[in-house]
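S.K.: I am attaching a structure below and will ask some questions about it afterwards.
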Amino acid sequence: MIKTVLVTGGSRGIGAATAIMAAARGYQVAISFHSNAAAAEAVLQQIRQAGGKAIAVQGDVGVEADVLQMFKAVDEQFGPLHALVNNAGMLEKQMRLDQMDVARWQRVFNANVIGSFLCAREAVLRMSTRHGGQGGVIVNLSSAAARIGSPNEFIDYAAAKGAVDSMTLGLSKEVATEGIRVNAVRPGLIYTDIHTSAGEPGRVDRAKEGVPMKRGGTAEEVAEAVLWLMSEQSSYVTGTLLDVTGGR
Ligand code: NAP
């Protein structure tokens with residue numbers, strides 16, 4: 001049976017690398033995107049040209065109605081869901097905490113925490129044997145920021161990823177006997193566009209001297225970890241926070 005994976009934010013960066021790698025390994029892939037339809041289309045093209053099957057759904061993961069509509073589209077077009085990669089995430093311009101306002105914390109928590117919760121809930125409702133499902137896997141994209149704290153840059157984002165870690169630990173235990181494994185990958189400094197959102201496109205190269213391996217990582221190196229956690233090769237792994245950080 002062909003397995004279905006939903007990769008939220010699968011149109012760019014780590015999500016796109018995960019979607020393309022999953023398709024190459026035999027999954028049919030649903031990606032979600034927020035606003036950049038052209039980027040989503042490019043991922044679909046790449047998967048389809050290689051003979052894979054993929055669809056894209058627009059929506060904001062922080063908006064409940066969008067998430068419900070996203071899962072409905074996957075139900076209708078692909079059938080049972082085997083894996084959810086809770087990858088959609090964002091951060092805002094670097095600044096100290098004493099410069100931040102409430103609206104920023106709400107935006108950052110909405111996209112990174114509420115979004116991951118809503119998608120995890122919808123996935124559990126479909127995958128859990130308690131609800132008549134066949135089991136499955138959830139991989140949450142957290143960040144090394146959760147344990148570093150990101151001072152002078154984005155403590156809000158670090159705190160949001162800390163919440164994602166706690167949700168991963170709790171949910172993994174809650175559904176451990178219901179056929180679902182739940183893990184998180186915590187990337188370090190990875191070459192994607194997210195650093196442009198932070199206001200520093202060259203952030204990885206500026207900070208890489210602080211990485212024990214003295215280099216940034218690629219989206220594909222993170223995708224490999226996600227794909228392993230999705231696979232049967234990690235069948236006894238749940239509730240794990242897997243750092244992909246070059247030792248940072
Ligand atoms: P990215 O290149 O900025 O891509 C972000 C993706 O998420 C895009 O597809 C974007 O869609 C989508 N997205 C953003 N906000 C969304 C929302 N509210 N609803 C739906 N989709 C949304 O990011 P990335 O670097 O690949 O990061 C992927 C994940 O890894 C994130 O959770 C991030 O926090 C985490 N991470 C990244 C790094 C790193 O160094 N890159 C390190 C640690 C953790 P649009 O293109 O349509 O906006």
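Labels used: A, B, ... for chains in the order of the structure tokens, numbers from 1 for residues in each chain, and numbers from 1 for ligands as shown.
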Restrict the calculation to only C-alpha atoms and all ligand atoms, then for each residue of chain A with any atom at most 7 Å from an atom of ligand 1 give the closest atom pair and their distance in Å to one decimal, rows by chain and rising residue number, as JSON lines.

M.R.:
```
{"residue": "A:Thr8", "atom": "CA", "partner": "ligand 1", "partner_atom_place_in_ligand_line": "21 (N)", "distance": 6.1}
{"residue": "A:Gly9", "atom": "CA", "partner": "ligand 1", "partner_atom_place_in_ligand_line": "9 (O)", "distance": 3.3}
{"residue": "A:Gly10", "atom": "CA", "partner": "ligand 1", "partner_atom_place_in_ligand_line": "9 (O)", "distance": 5.0}
{"residue": "A:Ser11", "atom": "CA", "partner": "ligand 1", "partner_atom_place_in_ligand_line": "9 (O)", "distance": 4.1}
{"residue": "A:Arg12", "atom": "CA", "partner": "ligand 1", "partner_atom_place_in_ligand_line": "9 (O)", "distance": 4.3}
{"residue": "A:Gly13", "atom": "CA", "partner": "ligand 1", "partner_atom_place_in_ligand_line": "26 (O)", "distance": 3.4}
{"residue": "A:Ile14", "atom": "CA", "partner": "ligand 1", "partner_atom_place_in_ligand_line": "26 (O)", "distance": 3.8}
{"residue": "A:Gly15", "atom": "CA", "partner": "ligand 1", "partner_atom_place_in_ligand_line": "26 (O)", "distance": 5.5}
{"residue": "A:Ser32", "atom": "CA", "partner": "ligand 1", "partner_atom_place_in_ligand_line": "21 (N)", "distance": 6.3}
{"residue": "A:Phe33", "atom": "CA", "partner": "ligand 1", "partner_atom_place_in_ligand_line": "47 (O)", "distance": 4.1}
{"residue": "A:His34", "atom": "CA", "partner": "ligand 1", "partner_atom_place_in_ligand_line": "47 (O)", "distance": 3.4}
{"residue": "A:Ser35", "atom": "CA", "partner": "ligand 1", "partner_atom_place_in_ligand_line": "47 (O)", "distance": 3.6}
{"residue": "A:Asn36", "atom": "CA", "partner": "ligand 1", "partner_atom_place_in_ligand_line": "47 (O)", "distance": 3.8}
{"residue": "A:Ala37", "atom": "CA", "partner": "ligand 1", "partner_atom_place_in_ligand_line": "47 (O)", "distance": 6.3}
{"residue": "A:Ala39", "atom": "CA", "partner": "ligand 1", "partner_atom_place_in_ligand_line": "46 (O)", "distance": 6.6}
{"residue": "A:Gly59", "atom": "CA", "partner": "ligand 1", "partner_atom_place_in_ligand_line": "20 (C)", "distance": 5.6}
{"residue": "A:Asp60", "atom": "CA", "partner": "ligand 1", "partner_atom_place_in_ligand_line": "19 (N)", "distance": 3.5}
{"residue": "A:Val61", "atom": "CA", "partner": "ligand 1", "partner_atom_place_in_ligand_line": "19 (N)", "distance": 4.0}
{"residue": "A:Gly62", "atom": "CA", "partner": "ligand 1", "partner_atom_place_in_ligand_line": "18 (N)", "distance": 5.5}
{"residue": "A:Asn87", "atom": "CA", "partner": "ligand 1", "partner_atom_place_in_ligand_line": "32 (O)", "distance": 4.6}
{"residue": "A:Ala88", "atom": "CA", "partner": "ligand 1", "partner_atom_place_in_ligand_line": "7 (O)", "distance": 3.7}
{"residue": "A:Gly89", "atom": "CA", "partner": "ligand 1", "partner_atom_place_in_ligand_line": "32 (O)", "distance": 3.6}
{"residue": "A:Met90", "atom": "CA", "partner": "ligand 1", "partner_atom_place_in_ligand_line": "15 (N)", "distance": 5.1}
{"residue": "A:Leu91", "atom": "CA", "partner": "ligand 1", "partner_atom_place_in_ligand_line": "34 (O)", "distance": 7.0}
{"residue": "A:Ala111", "atom": "CA", "partner": "ligand 1", "partner_atom_place_in_ligand_line": "18 (N)", "distance": 4.4}
{"residue": "A:Asn112", "atom": "CA", "partner": "ligand 1", "partner_atom_place_in_ligand_line": "32 (O)", "distance": 6.6}
{"residue": "A:Leu141", "atom": "CA", "partner": "ligand 1", "partner_atom_place_in_ligand_line": "32 (O)", "distance": 4.9}
{"residue": "A:Ser142", "atom": "CA", "partner": "ligand 1", "partner_atom_place_in_ligand_line": "44 (C)", "distance": 5.5}
{"residue": "A:Ser143", "atom": "CA", "partner": "ligand 1", "partner_atom_place_in_ligand_line": "43 (C)", "distance": 4.0}
{"residue": "A:Ala144", "atom": "CA", "partner": "ligand 1", "partner_atom_place_in_ligand_line": "43 (C)", "distance": 6.1}
{"residue": "A:Ala145", "atom": "CA", "partner": "ligand 1", "partner_atom_place_in_ligand_line": "43 (C)", "distance": 6.9}
{"residue": "A:Arg186", "atom": "CA", "partner": "ligand 1", "partner_atom_place_in_ligand_line": "43 (C)", "distance": 6.0}
{"residue": "A:Pro187", "atom": "CA", "partner": "ligand 1", "partner_atom_place_in_ligand_line": "43 (C)", "distance": 4.2}
{"residue": "A:Gly188", "atom": "CA", "partner": "ligand 1", "partner_atom_place_in_ligand_line": "42 (C)", "distance": 4.8}
{"residue": "A:Leu189", "atom": "CA", "partner": "ligand 1", "partner_atom_place_in_ligand_line": "40 (O)", "distance": 4.1}
{"residue": "A:Ile190", "atom": "CA", "partner": "ligand 1", "partner_atom_place_in_ligand_line": "40 (O)", "distance": 3.6}
{"residue": "A:Tyr191", "atom": "CA", "partner": "ligand 1", "partner_atom_place_in_ligand_line": "41 (N)", "distance": 5.8}
{"residue": "A:Thr192", "atom": "CA", "partner": "ligand 1", "partner_atom_place_in_ligand_line": "25 (O)", "distance": 4.7}
{"residue": "A:Asp193", "atom": "CA", "partner": "ligand 1", "partner_atom_place_in_ligand_line": "2 (O)", "distance": 4.5}
{"residue": "A:Ile194", "atom": "CA", "partner": "ligand 1", "partner_atom_place_in_ligand_line": "3 (O)", "distance": 3.7}
{"residue": "A:His195", "atom": "CA", "partner": "ligand 1", "partner_atom_place_in_ligand_line": "41 (N)", "distance": 6.9}
{"residue": "A:Ala219", "atom": "CA", "partner": "ligand 1", "partner_atom_place_in_ligand_line": "26 (O)", "distance": 6.9}
```

S.K.: Taking the chain letters and numbering used in this document, name the residues of segment 97-227 of chain A that DSSP puts in helix (DSSP H, G or I), as a PyMOL selection string.

M.R.: chain A and resi 97-99+102-127+129-131+145-148+155-174+194-197+203-210+219-227

S.K.: Please, what distance in Å, to one decimal, runs between atom CA of Ala56 of chain A and atom CA of Leu118 of chain A?

M.R.: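 The value is 18.3 Å.
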
S.K.: Taking only C-alpha atoms into account, which of A:Phe71, A:Tyr236, A:Phe154, A:Trp228 comes nearest Ser172 of chain A?

M.R.: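 Going through A:Phe71, A:Tyr236, A:Phe154, A:Trp228 one by one, the smallest distance to Ser172 of chain A is for A:Tyr236.
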
S.K.: Could you tell me how far atom CA of Gly133 of chain A sits from atom CA of Leu171 of chain A, in Å to one decimal place?

M.R.: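 Atom-to-atom, atom CA of Leu171 of chain A and atom CA of Gly133 of chain A are spaced 16.5 Å apart.
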
S.K.: Give the answer as one residue: which of A:Met21, A:Val204, A:Ala16, A:Cys119 has the shortest atom-to-atom distance to Val67 of chain A, using only C-alpha atoms?

M.R.: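 The answer is A:Cys119, which sits nearest to Val67 of chain A.
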
S.K.: Within 6 Å of Ala146 of chain A, counting only C-alpha atoms, which residues show up once you throw out same-chain ones fewer than 5 positions away? Write them as a PDB file with N, CA and C atoms, in the first residue's frame, please.

M.R.:
```pdb
ATOM      1  N   ALA A 158      12.034  30.723  20.351  1.00  0.00           N
ATOM      2  CA  ALA A 158      12.642  29.654  21.161  1.00  0.00           C
ATOM      3  C   ALA A 158      11.613  29.085  22.139  1.00  0.00           C
ATOM      4  N   LYS A 161       9.141  26.896  20.332  1.00  0.00           N
ATOM      5  CA  LYS A 161       9.691  25.564  20.036  1.00  0.00           C
ATOM      6  C   LYS A 161       9.809  24.732  21.317  1.00  0.00           C
ATOM      7  N   GLY A 162      10.016  25.392  22.445  1.00  0.00           N
ATOM      8  CA  GLY A 162       9.985  24.679  23.726  1.00  0.00           C
ATOM      9  C   GLY A 162       8.614  24.049  23.945  1.00  0.00           C
TER      10      GLY A 162
END
```

S.K.: What is the atom CA of Ala65 of chain A-atom CA of Pro80 of chain A distance in Å, reported with one decimal?

M.R.: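 About the pair atom CA of Ala65 of chain A and atom CA of Pro80 of chain A: they are 20.1 Å apart.
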
S.K.: Which one of A:Gly179, A:Gly216, A:Gln77, A:Gly210 sits closest to Gly132 of chain A if you count only C-alpha atoms?

M.R.: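 Closest candidate: A:Gly179.
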
S.K.: Any chance you could list, as a PyMOL selection string, the residues in segment 25-246 of chain A that come up strand (DSSP E) when DSSP is run on the backbone?

M.R.: chain A and resi 28-33+54-58+83-86+136-141+180-187+241-244

S.K.: Select, from A:Leu81, A:Ile47, A:Met95, A:Val7, the residue with the minimum atom-to-atom distance to Glu122 of chain A, counting only C-alpha atoms.

M.R.: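 For Glu122 of chain A, the nearest of the given residues is A:Leu81.
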
S.K.: With distances taken over only C-alpha atoms, which of A:Ala19, A:Ala54, A:Ala40, A:Ile2 is nearest to Val222 of chain A?

M.R.: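 Once distances to Val222 of chain A are computed over only C-alpha atoms, the minimum belongs to A:Ala19.
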
S.K.: For Arg203 of chain A, which residue among A:Gln69, A:Gln94, A:Gln134, A:Asn110 is the nearest when counting only C-alpha atoms?

M.R.: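 Using only C-alpha atoms, Arg203 of chain A sits closest to A:Gln94.
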